[in-house]
$ cat entry_21.tsv   # TSV, C-alpha atoms
chain	number	residue	atom	x	y	z
A	1	MET	CA	-13.49	4.12	14.63
A	2	HIS	CA	-10.09	3.83	16.31
A	3	SER	CA	-8.43	6.14	18.81
A	4	LEU	CA	-4.75	7.11	18.72
A	5	PRO	CA	-2.20	6.13	21.41
A	6	GLU	CA	-1.45	9.76	22.22
A	7	THR	CA	-3.19	13.14	22.02
A	8	PHE	CA	-2.74	15.41	19.03
A	9	PRO	CA	-4.34	18.80	18.38
A	10	PRO	CA	-7.22	18.84	15.87
A	11	LEU	CA	-6.02	19.01	12.27
A	12	ILE	CA	-7.27	21.21	9.46
A	13	LEU	CA	-6.59	19.23	6.29
A	14	ALA	CA	-6.50	21.46	3.23
A	15	SER	CA	-7.01	18.84	0.55
A	16	ARG	CA	-9.72	17.59	-1.77
A	17	SER	CA	-8.13	14.13	-1.89
A	18	PRO	CA	-10.43	11.47	-0.41
A	19	ARG	CA	-7.35	9.26	0.02
A	20	ARG	CA	-5.59	11.71	2.36
A	21	ARG	CA	-8.79	12.16	4.31
A	22	LYS	CA	-9.25	8.41	4.69
A	23	LEU	CA	-5.64	7.72	5.77
A	24	LEU	CA	-5.81	10.34	8.54
A	25	SER	CA	-9.35	9.77	9.79
A	26	GLU	CA	-9.13	5.96	9.72
A	27	ILE	CA	-6.57	5.80	12.52
A	28	GLY	CA	-8.36	8.38	14.64
A	29	PHE	CA	-7.16	11.90	13.80
A	30	ASN	CA	-9.68	14.61	14.58
A	31	LEU	CA	-10.05	16.21	11.16
A	32	GLU	CA	-11.64	19.29	9.67
A	33	ILE	CA	-11.48	19.83	5.90
A	34	ALA	CA	-10.63	23.20	4.36
A	35	ASP	CA	-10.77	24.13	0.72
A	36	ILE	CA	-7.82	26.24	-0.34
A	37	ASP	CA	-7.52	27.35	-3.92
A	38	VAL	CA	-4.10	28.31	-5.19
A	39	ASP	CA	-2.65	28.74	-8.63
A	40	GLU	CA	-0.53	25.57	-9.04
A	41	SER	CA	2.22	27.20	-11.10
A	42	PHE	CA	5.77	27.10	-9.74
A	43	PRO	CA	9.13	28.78	-10.52
A	44	GLU	CA	10.80	26.94	-13.40
A	45	HIS	CA	14.15	26.47	-11.70
A	46	LEU	CA	12.64	24.19	-9.02
A	47	LYS	CA	13.34	20.48	-9.36
A	48	GLY	CA	11.48	17.32	-8.29
A	49	GLY	CA	10.68	17.42	-4.59
A	50	GLU	CA	11.22	21.20	-4.42
A	51	VAL	CA	8.08	21.65	-6.54
A	52	ALA	CA	5.95	19.56	-4.15
A	53	ALA	CA	7.35	21.41	-1.12
A	54	TYR	CA	6.80	24.79	-2.78
A	55	LEU	CA	3.16	24.03	-3.63
A	56	ALA	CA	2.42	22.63	-0.14
A	57	GLY	CA	3.86	25.81	1.42
A	58	LYS	CA	1.92	28.02	-1.00
A	59	LYS	CA	-1.35	26.38	0.07
A	60	ALA	CA	-0.49	26.81	3.77
A	61	LEU	CA	0.20	30.54	3.35
A	62	ALA	CA	-3.04	31.01	1.40
A	63	TYR	CA	-4.98	30.01	4.52
A	64	GLY	CA	-5.99	33.08	6.51
A	65	VAL	CA	-5.75	33.58	10.27
A	66	MET	CA	-5.01	30.30	12.07
A	67	PRO	CA	-7.05	29.18	15.09
A	68	GLU	CA	-4.52	28.89	17.97
A	69	ASP	CA	-5.25	25.28	18.92
A	70	LYS	CA	-5.24	23.61	15.51
A	71	VAL	CA	-2.60	22.39	13.05
A	72	LEU	CA	-3.08	23.13	9.36
A	73	VAL	CA	-1.89	20.31	7.08
A	74	CYS	CA	-1.28	20.98	3.39
A	75	ALA	CA	0.18	18.53	0.89
A	76	ASP	CA	1.08	18.31	-2.76
A	77	THR	CA	2.04	15.18	-4.70
A	78	ILE	CA	3.90	15.14	-8.00
A	79	VAL	CA	5.39	12.44	-10.21
A	80	VAL	CA	8.85	12.88	-11.69
A	81	LEU	CA	10.15	10.82	-14.60
A	82	GLY	CA	13.77	11.64	-15.42
A	83	GLU	CA	13.71	15.44	-15.30
A	84	GLU	CA	10.04	15.86	-16.23
A	85	VAL	CA	7.57	16.94	-13.55
A	86	ILE	CA	4.21	15.24	-14.16
A	87	ASN	CA	1.14	16.66	-12.48
A	88	LYS	CA	-2.57	15.87	-13.00
A	89	PRO	CA	-3.64	15.12	-16.59
A	90	ALA	CA	-5.68	17.72	-18.51
A	91	ASP	CA	-7.78	15.11	-20.35
A	92	ALA	CA	-7.82	11.48	-21.55
A	93	ALA	CA	-5.21	12.05	-24.27
A	94	ASP	CA	-2.89	13.67	-21.73
A	95	ALA	CA	-3.44	10.77	-19.31
A	96	ALA	CA	-2.59	8.26	-22.08
A	97	ARG	CA	0.59	10.19	-22.88
A	98	MET	CA	1.63	10.15	-19.20
A	99	LEU	CA	0.96	6.43	-18.73
A	100	SER	CA	2.82	5.53	-21.96
A	101	ALA	CA	5.80	7.50	-20.67
A	102	LEU	CA	5.70	5.75	-17.27
A	103	SER	CA	5.19	2.25	-18.76
A	104	GLY	CA	8.19	-0.04	-18.30
A	105	HIS	CA	10.12	2.56	-16.29
A	106	THR	CA	10.80	3.58	-12.71
A	107	HIS	CA	9.63	7.02	-11.62
A	108	ARG	CA	9.67	8.99	-8.39
A	109	VAL	CA	6.72	10.27	-6.40
A	110	PHE	CA	7.31	13.30	-4.19
A	111	THR	CA	4.84	14.51	-1.61
A	112	GLY	CA	5.53	17.85	0.02
A	113	VAL	CA	3.78	18.40	3.35
A	114	CYS	CA	3.42	21.68	5.19
A	115	LEU	CA	2.39	21.94	8.87
A	116	ARG	CA	1.30	25.34	10.21
A	117	ARG	CA	0.34	26.30	13.73
A	118	GLY	CA	0.31	29.80	15.21
A	119	ASP	CA	3.42	31.47	13.79
A	120	GLU	CA	5.30	28.23	13.20
A	121	ILE	CA	5.56	26.50	9.88
A	122	LEU	CA	7.36	23.28	8.85
A	123	VAL	CA	7.80	21.82	5.36
A	124	PHE	CA	9.19	18.38	4.52
A	125	THR	CA	9.24	16.17	1.45
A	126	GLU	CA	9.16	12.40	1.10
A	127	SER	CA	10.26	10.53	-2.02
A	128	THR	CA	9.33	7.02	-3.17
A	129	GLU	CA	10.44	5.07	-6.24
A	130	VAL	CA	7.75	3.24	-8.21
A	131	GLU	CA	8.54	0.59	-10.82
A	132	PHE	CA	6.01	-0.10	-13.61
A	133	ARG	CA	5.93	-3.17	-15.83
A	134	ALA	CA	5.37	-2.55	-19.56
A	135	ILE	CA	1.69	-1.61	-19.95
A	136	ARG	CA	0.01	-2.42	-23.29
A	137	PRO	CA	-1.76	0.45	-25.16
A	138	ASP	CA	-5.10	-1.40	-24.89
A	139	GLU	CA	-4.56	-1.68	-21.12
A	140	ILE	CA	-3.89	2.07	-20.93
A	141	ASP	CA	-7.12	2.82	-22.86
A	142	TYR	CA	-9.05	0.39	-20.68
A	143	TYR	CA	-7.66	1.94	-17.50
A	144	ILE	CA	-8.42	5.54	-18.42
A	145	SER	CA	-12.00	4.82	-19.47
A	146	GLU	CA	-12.71	2.45	-16.54
A	147	TYR	CA	-11.02	4.45	-13.74
A	148	GLN	CA	-11.01	8.08	-14.97
A	149	PRO	CA	-7.74	8.94	-13.16
A	150	PHE	CA	-8.01	12.69	-13.81
A	151	ASP	CA	-7.61	13.83	-10.22
A	152	LYS	CA	-4.32	11.96	-9.78
A	153	ALA	CA	-0.72	13.10	-10.35
A	154	GLY	CA	0.74	10.87	-13.08
A	155	SER	CA	-2.79	9.64	-14.02
A	156	TYR	CA	-2.81	6.55	-11.84
A	157	GLY	CA	-3.87	5.31	-8.43
A	158	ILE	CA	-1.58	2.94	-6.54
A	159	GLN	CA	-4.78	1.54	-4.95
A	160	ASP	CA	-6.71	0.55	-8.08
A	161	TRP	CA	-6.32	-1.79	-11.10
A	162	LEU	CA	-3.16	-0.09	-12.33
A	163	GLY	CA	-1.48	-0.08	-8.93
A	164	TYR	CA	-2.51	-3.68	-8.26
A	165	THR	CA	-1.42	-5.19	-11.56
A	166	CYS	CA	1.26	-2.93	-13.10
A	167	VAL	CA	3.38	-1.78	-10.14
A	168	THR	CA	6.05	-4.44	-9.71
A	169	ALA	CA	7.87	-2.72	-6.85
A	170	VAL	CA	8.00	0.38	-4.69
A	171	ARG	CA	11.04	1.56	-2.75
A	172	GLY	CA	10.20	3.85	0.16
A	173	CYS	CA	6.91	4.85	1.80
A	174	PHE	CA	3.93	3.29	0.02
A	175	TYR	CA	1.39	5.78	1.40
A	176	ASN	CA	3.48	8.59	-0.02
A	177	VAL	CA	2.50	7.27	-3.47
A	178	MET	CA	-1.14	7.37	-2.38
A	179	GLY	CA	-0.57	11.06	-1.66
A	180	PHE	CA	0.45	11.25	1.96
A	181	PRO	CA	3.66	10.03	3.71
A	182	MET	CA	1.95	8.75	6.86
A	183	ALA	CA	4.95	7.46	8.87
A	184	ARG	CA	7.03	10.59	8.24
A	185	PHE	CA	4.03	12.85	8.93
A	186	TYR	CA	3.34	11.11	12.24
A	187	ARG	CA	6.92	11.56	13.40
A	188	GLU	CA	7.10	15.19	12.25
A	189	LEU	CA	3.74	16.01	13.87
A	190	GLN	CA	4.90	14.52	17.19
A	191	ALA	CA	8.01	16.73	17.12
A	192	PHE	CA	6.05	19.79	15.89
A	193	CYS	CA	3.55	19.55	18.75
A	194	LYS	CA	5.98	18.55	21.51
A	195	GLY	CA	5.83	20.69	24.60
A	196	LYS	CA	3.15	22.98	23.20
A	197	ASP	CA	0.08	21.46	24.88
B	1	MET	CA	-17.77	-2.80	-9.38
B	2	HIS	CA	-15.12	-2.76	-12.10
B	3	SER	CA	-14.57	-5.14	-14.99
B	4	LEU	CA	-11.16	-6.41	-16.08
B	5	PRO	CA	-9.55	-5.62	-19.46
B	6	GLU	CA	-9.42	-9.30	-20.42
B	7	THR	CA	-11.28	-12.51	-19.61
B	8	PHE	CA	-10.08	-14.85	-16.89
B	9	PRO	CA	-11.65	-18.10	-15.69
B	10	PRO	CA	-13.55	-17.93	-12.39
B	11	LEU	CA	-11.26	-18.25	-9.37
B	12	ILE	CA	-11.71	-20.38	-6.28
B	13	LEU	CA	-9.88	-18.51	-3.54
B	14	ALA	CA	-8.97	-20.77	-0.64
B	15	SER	CA	-8.35	-18.17	2.02
B	16	ARG	CA	-10.05	-16.73	5.09
B	17	SER	CA	-8.22	-13.41	4.63
B	18	PRO	CA	-10.67	-10.56	3.93
B	19	ARG	CA	-7.72	-8.61	2.50
B	20	ARG	CA	-7.00	-11.16	-0.26
B	21	ARG	CA	-10.71	-11.30	-1.05
B	22	LYS	CA	-10.93	-7.53	-1.31
B	23	LEU	CA	-7.84	-7.13	-3.52
B	24	LEU	CA	-9.11	-9.69	-6.06
B	25	SER	CA	-12.81	-8.82	-6.10
B	26	GLU	CA	-12.27	-5.04	-6.15
B	27	ILE	CA	-10.75	-5.05	-9.65
B	28	GLY	CA	-13.35	-7.45	-11.03
B	29	PHE	CA	-12.24	-11.05	-10.56
B	30	ASN	CA	-15.11	-13.54	-10.43
B	31	LEU	CA	-14.46	-15.15	-7.07
B	32	GLU	CA	-15.73	-18.10	-5.09
B	33	ILE	CA	-14.40	-18.71	-1.58
B	34	ALA	CA	-13.37	-22.16	-0.36
B	35	ASP	CA	-12.43	-23.13	3.15
B	36	ILE	CA	-9.46	-25.49	3.21
B	37	ASP	CA	-8.13	-26.68	6.53
B	38	VAL	CA	-4.57	-27.93	6.64
B	39	ASP	CA	-2.14	-28.54	9.42
B	40	GLU	CA	0.26	-25.56	9.10
B	41	SER	CA	3.39	-27.43	10.16
B	42	PHE	CA	6.31	-27.62	7.71
B	43	PRO	CA	9.58	-29.58	7.39
B	44	GLU	CA	12.27	-27.95	9.55
B	45	HIS	CA	14.92	-27.73	6.85
B	46	LEU	CA	12.81	-25.29	4.77
B	47	LYS	CA	13.90	-21.68	4.81
B	48	GLY	CA	12.06	-18.35	4.34
B	49	GLY	CA	10.09	-18.35	1.12
B	50	GLU	CA	10.21	-22.14	0.85
B	51	VAL	CA	7.91	-22.34	3.87
B	52	ALA	CA	5.30	-20.04	2.28
B	53	ALA	CA	5.48	-21.96	-1.03
B	54	TYR	CA	5.22	-25.32	0.77
B	55	LEU	CA	2.13	-24.26	2.74
B	56	ALA	CA	0.41	-22.76	-0.33
B	57	GLY	CA	0.99	-26.02	-2.24
B	58	LYS	CA	-0.23	-28.10	0.71
B	59	LYS	CA	-3.52	-26.17	0.75
B	60	ALA	CA	-3.96	-26.62	-3.03
B	61	LEU	CA	-3.49	-30.39	-2.80
B	62	ALA	CA	-5.94	-30.61	0.11
B	63	TYR	CA	-8.69	-29.40	-2.23
B	64	GLY	CA	-10.56	-32.36	-3.73
B	65	VAL	CA	-11.61	-32.83	-7.35
B	66	MET	CA	-11.21	-29.61	-9.35
B	67	PRO	CA	-14.02	-28.26	-11.54
B	68	GLU	CA	-12.52	-28.15	-15.08
B	69	ASP	CA	-13.22	-24.48	-15.81
B	70	LYS	CA	-11.97	-22.85	-12.63
B	71	VAL	CA	-8.59	-21.90	-11.17
B	72	LEU	CA	-7.89	-22.64	-7.53
B	73	VAL	CA	-5.81	-19.98	-5.79
B	74	CYS	CA	-4.09	-20.74	-2.47
B	75	ALA	CA	-1.69	-18.45	-0.63
B	76	ASP	CA	0.37	-18.36	2.51
B	77	THR	CA	2.17	-15.36	4.00
B	78	ILE	CA	5.00	-15.52	6.51
B	79	VAL	CA	7.34	-13.01	8.09
B	80	VAL	CA	11.05	-13.76	8.36
B	81	LEU	CA	13.40	-11.86	10.69
B	82	GLY	CA	17.00	-12.98	10.30
B	83	GLU	CA	16.57	-16.77	10.26
B	84	GLU	CA	13.39	-16.88	12.32
B	85	VAL	CA	10.10	-17.71	10.59
B	86	ILE	CA	7.28	-15.75	12.24
B	87	ASN	CA	3.72	-16.87	11.67
B	88	LYS	CA	0.47	-15.77	13.35
B	89	PRO	CA	0.69	-14.99	17.08
B	90	ALA	CA	-0.81	-17.43	19.58
B	91	ASP	CA	-1.97	-14.68	21.97
B	92	ALA	CA	-1.32	-11.08	23.09
B	93	ALA	CA	1.98	-11.93	24.81
B	94	ASP	CA	3.19	-13.70	21.67
B	95	ALA	CA	2.13	-10.71	19.54
B	96	ALA	CA	4.04	-8.33	21.85
B	97	ARG	CA	7.14	-10.54	21.61
B	98	MET	CA	6.92	-10.52	17.78
B	99	LEU	CA	6.45	-6.75	17.50
B	100	SER	CA	9.33	-6.06	19.93
B	101	ALA	CA	11.56	-8.26	17.77
B	102	LEU	CA	10.50	-6.45	14.56
B	103	SER	CA	10.79	-2.94	16.11
B	104	GLY	CA	13.67	-0.90	14.65
B	105	HIS	CA	14.62	-3.63	12.17
B	106	THR	CA	14.00	-4.65	8.56
B	107	HIS	CA	12.26	-7.98	7.97
B	108	ARG	CA	11.09	-9.89	4.92
B	109	VAL	CA	7.55	-10.89	4.03
B	110	PHE	CA	7.14	-13.93	1.79
B	111	THR	CA	3.87	-14.90	0.17
B	112	GLY	CA	3.70	-18.26	-1.56
B	113	VAL	CA	0.92	-18.60	-4.14
B	114	CYS	CA	-0.29	-21.83	-5.72
B	115	LEU	CA	-2.48	-21.92	-8.85
B	116	ARG	CA	-4.21	-25.20	-9.72
B	117	ARG	CA	-6.38	-26.03	-12.72
B	118	GLY	CA	-7.16	-29.51	-14.06
B	119	ASP	CA	-3.93	-31.46	-13.68
B	120	GLU	CA	-1.68	-28.39	-13.79
B	121	ILE	CA	-0.20	-26.72	-10.76
B	122	LEU	CA	2.09	-23.68	-10.41
B	123	VAL	CA	3.77	-22.33	-7.29
B	124	PHE	CA	5.63	-19.02	-6.99
B	125	THR	CA	6.87	-16.86	-4.14
B	126	GLU	CA	7.23	-13.11	-3.84
B	127	SER	CA	9.44	-11.38	-1.27
B	128	THR	CA	9.23	-7.82	0.08
B	129	GLU	CA	11.43	-6.03	2.60
B	130	VAL	CA	9.70	-4.00	5.31
B	131	GLU	CA	11.50	-1.45	7.47
B	132	PHE	CA	10.09	-0.60	10.92
B	133	ARG	CA	10.99	2.43	13.01
B	134	ALA	CA	11.61	1.81	16.71
B	135	ILE	CA	8.21	1.19	18.29
B	136	ARG	CA	7.77	2.07	21.98
B	137	PRO	CA	6.48	-0.65	24.37
B	138	ASP	CA	3.39	1.46	25.17
B	139	GLU	CA	2.70	1.77	21.43
B	140	ILE	CA	2.95	-2.02	21.08
B	141	ASP	CA	0.49	-2.53	23.96
B	142	TYR	CA	-1.86	0.09	22.49
B	143	TYR	CA	-1.70	-1.53	19.05
B	144	ILE	CA	-2.42	-5.07	20.23
B	145	SER	CA	-5.39	-4.05	22.37
B	146	GLU	CA	-6.83	-1.59	19.81
B	147	TYR	CA	-6.31	-3.69	16.64
B	148	GLN	CA	-6.20	-7.34	17.85
B	149	PRO	CA	-3.76	-8.44	15.09
B	150	PHE	CA	-4.13	-12.16	15.84
B	151	ASP	CA	-5.00	-13.30	12.31
B	152	LYS	CA	-1.89	-11.69	10.82
B	153	ALA	CA	1.58	-13.12	10.20
B	154	GLY	CA	4.03	-11.07	12.28
B	155	SER	CA	1.13	-9.57	14.30
B	156	TYR	CA	0.65	-6.46	12.19
B	157	GLY	CA	-1.35	-5.09	9.30
B	158	ILE	CA	0.38	-2.88	6.75
B	159	GLN	CA	-3.03	-1.19	6.23
B	160	ASP	CA	-3.74	-0.08	9.81
B	161	TRP	CA	-2.19	2.16	12.51
B	162	LEU	CA	1.04	0.18	12.68
B	163	GLY	CA	1.50	0.07	8.91
B	164	TYR	CA	0.63	3.76	8.58
B	165	THR	CA	2.85	5.13	11.31
B	166	CYS	CA	5.67	2.63	11.94
B	167	VAL	CA	6.63	1.34	8.47
B	168	THR	CA	9.23	3.78	7.16
B	169	ALA	CA	9.87	1.94	3.88
B	170	VAL	CA	9.02	-1.14	1.85
B	171	ARG	CA	11.16	-2.53	-0.96
B	172	GLY	CA	9.23	-4.69	-3.42
B	173	CYS	CA	5.53	-5.40	-3.88
B	174	PHE	CA	3.41	-3.61	-1.25
B	175	TYR	CA	0.36	-5.86	-1.70
B	176	ASN	CA	2.57	-8.86	-0.99
B	177	VAL	CA	2.87	-7.51	2.57
B	178	MET	CA	-0.93	-7.27	2.73
B	179	GLY	CA	-0.94	-11.02	1.92
B	180	PHE	CA	-1.16	-11.22	-1.85
B	181	PRO	CA	1.40	-10.24	-4.55
B	182	MET	CA	-1.12	-8.79	-7.00
B	183	ALA	CA	1.15	-7.73	-9.90
B	184	ARG	CA	3.07	-11.02	-9.92
B	185	PHE	CA	-0.18	-13.02	-9.58
B	186	TYR	CA	-1.78	-11.18	-12.50
B	187	ARG	CA	1.18	-11.91	-14.76
B	188	GLU	CA	1.42	-15.57	-13.68
B	189	LEU	CA	-2.33	-16.07	-14.10
B	190	GLN	CA	-2.21	-14.64	-17.64
B	191	ALA	CA	0.55	-17.11	-18.57
B	192	PHE	CA	-1.12	-20.01	-16.72
B	193	CYS	CA	-4.40	-19.52	-18.60
B	194	LYS	CA	-2.94	-18.68	-22.02
B	195	GLY	CA	-4.25	-20.77	-24.89
B	196	LYS	CA	-6.50	-22.83	-22.65
B	197	ASP	CA	-9.81	-21.05	-23.27
$ encode --input "entry_21.tsv" --output "structure tokens"
Amino acid sequence: MHSLPETFPPLILASRSPRRRKLLSEIGFNLEIADIDVDESFPEHLKGGEVAAYLAGKKALAYGVMPEDKVLVCADTIVVLGEEVINKPADAADAARMLSALSGHTHRVFTGVCLRRGDEILVFTESTEVEFRAIRPDEIDYYISEYQPFDKAGSYGIQDWLGYTCVTAVRGCFYNVMGFPMARFYRELQAFCKGKD
Amino acid sequence: MHSLPETFPPLILASRSPRRRKLLSEIGFNLEIADIDVDESFPEHLKGGEVAAYLAGKKALAYGVMPEDKVLVCADTIVVLGEEVINKPADAADAARMLSALSGHTHRVFTGVCLRRGDEILVFTESTEVEFRAIRPDEIDYYISEYQPFDKAGSYGIQDWLGYTCVTAVRGCFYNVMGFPMARFYRELQAFCKGKD
């Protein structure tokens, strides 16, 4: 267990993602997990990163009264191919459809993050480009049955077989593709907390 | 433990890096580890990626008689800032010098990989750009004492505090920065083994 080089308030992470939990706890953040359920629909006129930011903010507002000394962290990750917003797959057929669409193309991953403390709230969005090689249909079938990527936007994990062998390049923050833009978050959290402790 | 979607010969990985081992074994490669000691000096006229390719090839040739049915995999990762080739740090002062040089700049990571089987040998190199934010001297001191990055080219790990909070962007293969260009390796290995089994 590592400690951080400076002091941050305890975080309340409202996310079921084990990846977000791991990224934050691994480097020493003091973390409490909250379960916030929101309807993940969004206004149709929103585009790309606006959807991720909207859903992160929606989760943050759904949390009740904030404890004074803690920072609530909410996040939402979506995949965008051309104009299409791709969220989590409904089932295996939906996952196969998503992966066939992403195969051989470059898509964007947007993570919206919302920080809330007392009566202050901050939302930011990070975007990363991800380039896929052409993925054969038998590889897509193999991947879905072997890795069951149903809890992942776009139906893939950058940290498993598909990410290892089919992602030829990323442009931007890698951890953003894993679901949390660590470097940006760290910088924003420093600024958000400055002078308040 | 996962299985792969197609059959590959067993690999002999000549590397002490736990990261390379993890990347390959995690997705189901049948792996044997070999310890190959070579003098890591290189001809002075070599530049950037040529150094990584040269050292990977040197390791592969230092391995004795090859078992017919296995593929030897050797790799070498270096960091290049401007014209300077940066390898592993000698000590904490050397690590601090390296990280101060990388702070606020973009550098390149080159991994050279050599595949050897029977009398065939193949060398390739992958390059990734890594962008660092400005890192404060106290953060550098913290990082070196907390993470002891002495076994890492450039004195940092993309998968620890420094990689999480100081790397603002990568351009290219992320796993290449971790020491092994997985997607490129997978494609090269497929071609290298084709029609031989």
$ residues_around --input "entry_21.tsv" --residues "A:Leu81" --least-positions-apart "5" --cutoff "8 Å" --atoms "all atoms listed in the file" --output "short mmCIF file (atom, residue, chain, number, x, y, z; two decimals) with C-alpha atoms, in the coordinates of the input"
data_model
loop_
_atom_site.label_atom_id
_atom_site.label_comp_id
_atom_site.auth_asym_id
_atom_site.auth_seq_id
_atom_site.Cartn_x
_atom_site.Cartn_y
_atom_site.Cartn_z
CA ILE A 86 4.21 15.24 -14.16
CA LEU A 102 5.70 5.75 -17.27
CA THR A 106 10.80 3.58 -12.71
CA HIS A 107 9.63 7.02 -11.62
CA ARG A 108 9.67 8.99 -8.39
#
$ residues_around --input "entry_21.tsv" --residues "A:Thr77" --least-positions-apart "3" --cutoff "12 Å" --atoms "all atoms listed in the file" --output "ChimeraX atom specification"
/A:15,17,20,40,48-56,74,80,85-88,108-114,125-128,151-155,175-181
$ closest_residue --input "entry_21.tsv" --among "B:Lys58, B:Arg133, B:Arg117, B:Arg19" --to "chain A" --atoms "only C-alpha atoms"
B:Arg133
$ closest_atom_pairs --input "entry_21.tsv" --of "chain B" --to "chain A" --cutoff "6 Å" --atoms "only C-alpha atoms" --output "JSON lines"
{"residue": "B:Ile27", "atom": "CA", "partner": "A:Trp161", "partner_atom": "CA", "distance": 5.7}
{"residue": "B:Trp161", "atom": "CA", "partner": "A:Ile27", "partner_atom": "CA", "distance": 5.7}
{"residue": "B:Tyr164", "atom": "CA", "partner": "A:Met182", "partner_atom": "CA", "distance": 5.4}
{"residue": "B:Thr165", "atom": "CA", "partner": "A:Ala183", "partner_atom": "CA", "distance": 4.0}
{"residue": "B:Cys166", "atom": "CA", "partner": "A:Ala183", "partner_atom": "CA", "distance": 5.8}
{"residue": "B:Thr168", "atom": "CA", "partner": "A:Ala183", "partner_atom": "CA", "distance": 5.9}
{"residue": "B:Ala169", "atom": "CA", "partner": "A:Gly172", "partner_atom": "CA", "distance": 4.2}
{"residue": "B:Val170", "atom": "CA", "partner": "A:Gly172", "partner_atom": "CA", "distance": 5.4}
{"residue": "B:Arg171", "atom": "CA", "partner": "A:Arg171", "partner_atom": "CA", "distance": 4.5}
{"residue": "B:Gly172", "atom": "CA", "partner": "A:Ala169", "partner_atom": "CA", "distance": 4.2}
{"residue": "B:Cys173", "atom": "CA", "partner": "A:Ala169", "partner_atom": "CA", "distance": 4.6}
{"residue": "B:Met182", "atom": "CA", "partner": "A:Tyr164", "partner_atom": "CA", "distance": 5.4}
{"residue": "B:Ala183", "atom": "CA", "partner": "A:Thr165", "partner_atom": "CA", "distance": 4.0}
$ write_last_selection --input "entry_21.tsv" --atoms "C-alpha atoms" --output "tab-separated table (two decimals), in the frame of the given file"
chain	number	residue	atom	x	y	z
B	27	ILE	CA	-10.75	-5.05	-9.65
B	161	TRP	CA	-2.19	2.16	12.51
B	164	TYR	CA	0.63	3.76	8.58
B	165	THR	CA	2.85	5.13	11.31
B	166	CYS	CA	5.67	2.63	11.94
B	168	THR	CA	9.23	3.78	7.16
B	169	ALA	CA	9.87	1.94	3.88
B	170	VAL	CA	9.02	-1.14	1.85
B	171	ARG	CA	11.16	-2.53	-0.96
B	172	GLY	CA	9.23	-4.69	-3.42
B	173	CYS	CA	5.53	-5.40	-3.88
B	182	MET	CA	-1.12	-8.79	-7.00
B	183	ALA	CA	1.15	-7.73	-9.90
$ atom_distance --input "entry_21.tsv" --atom1 "atom CA of A:Leu46" --atom2 "atom CA of A:Leu61"
18.7 Å
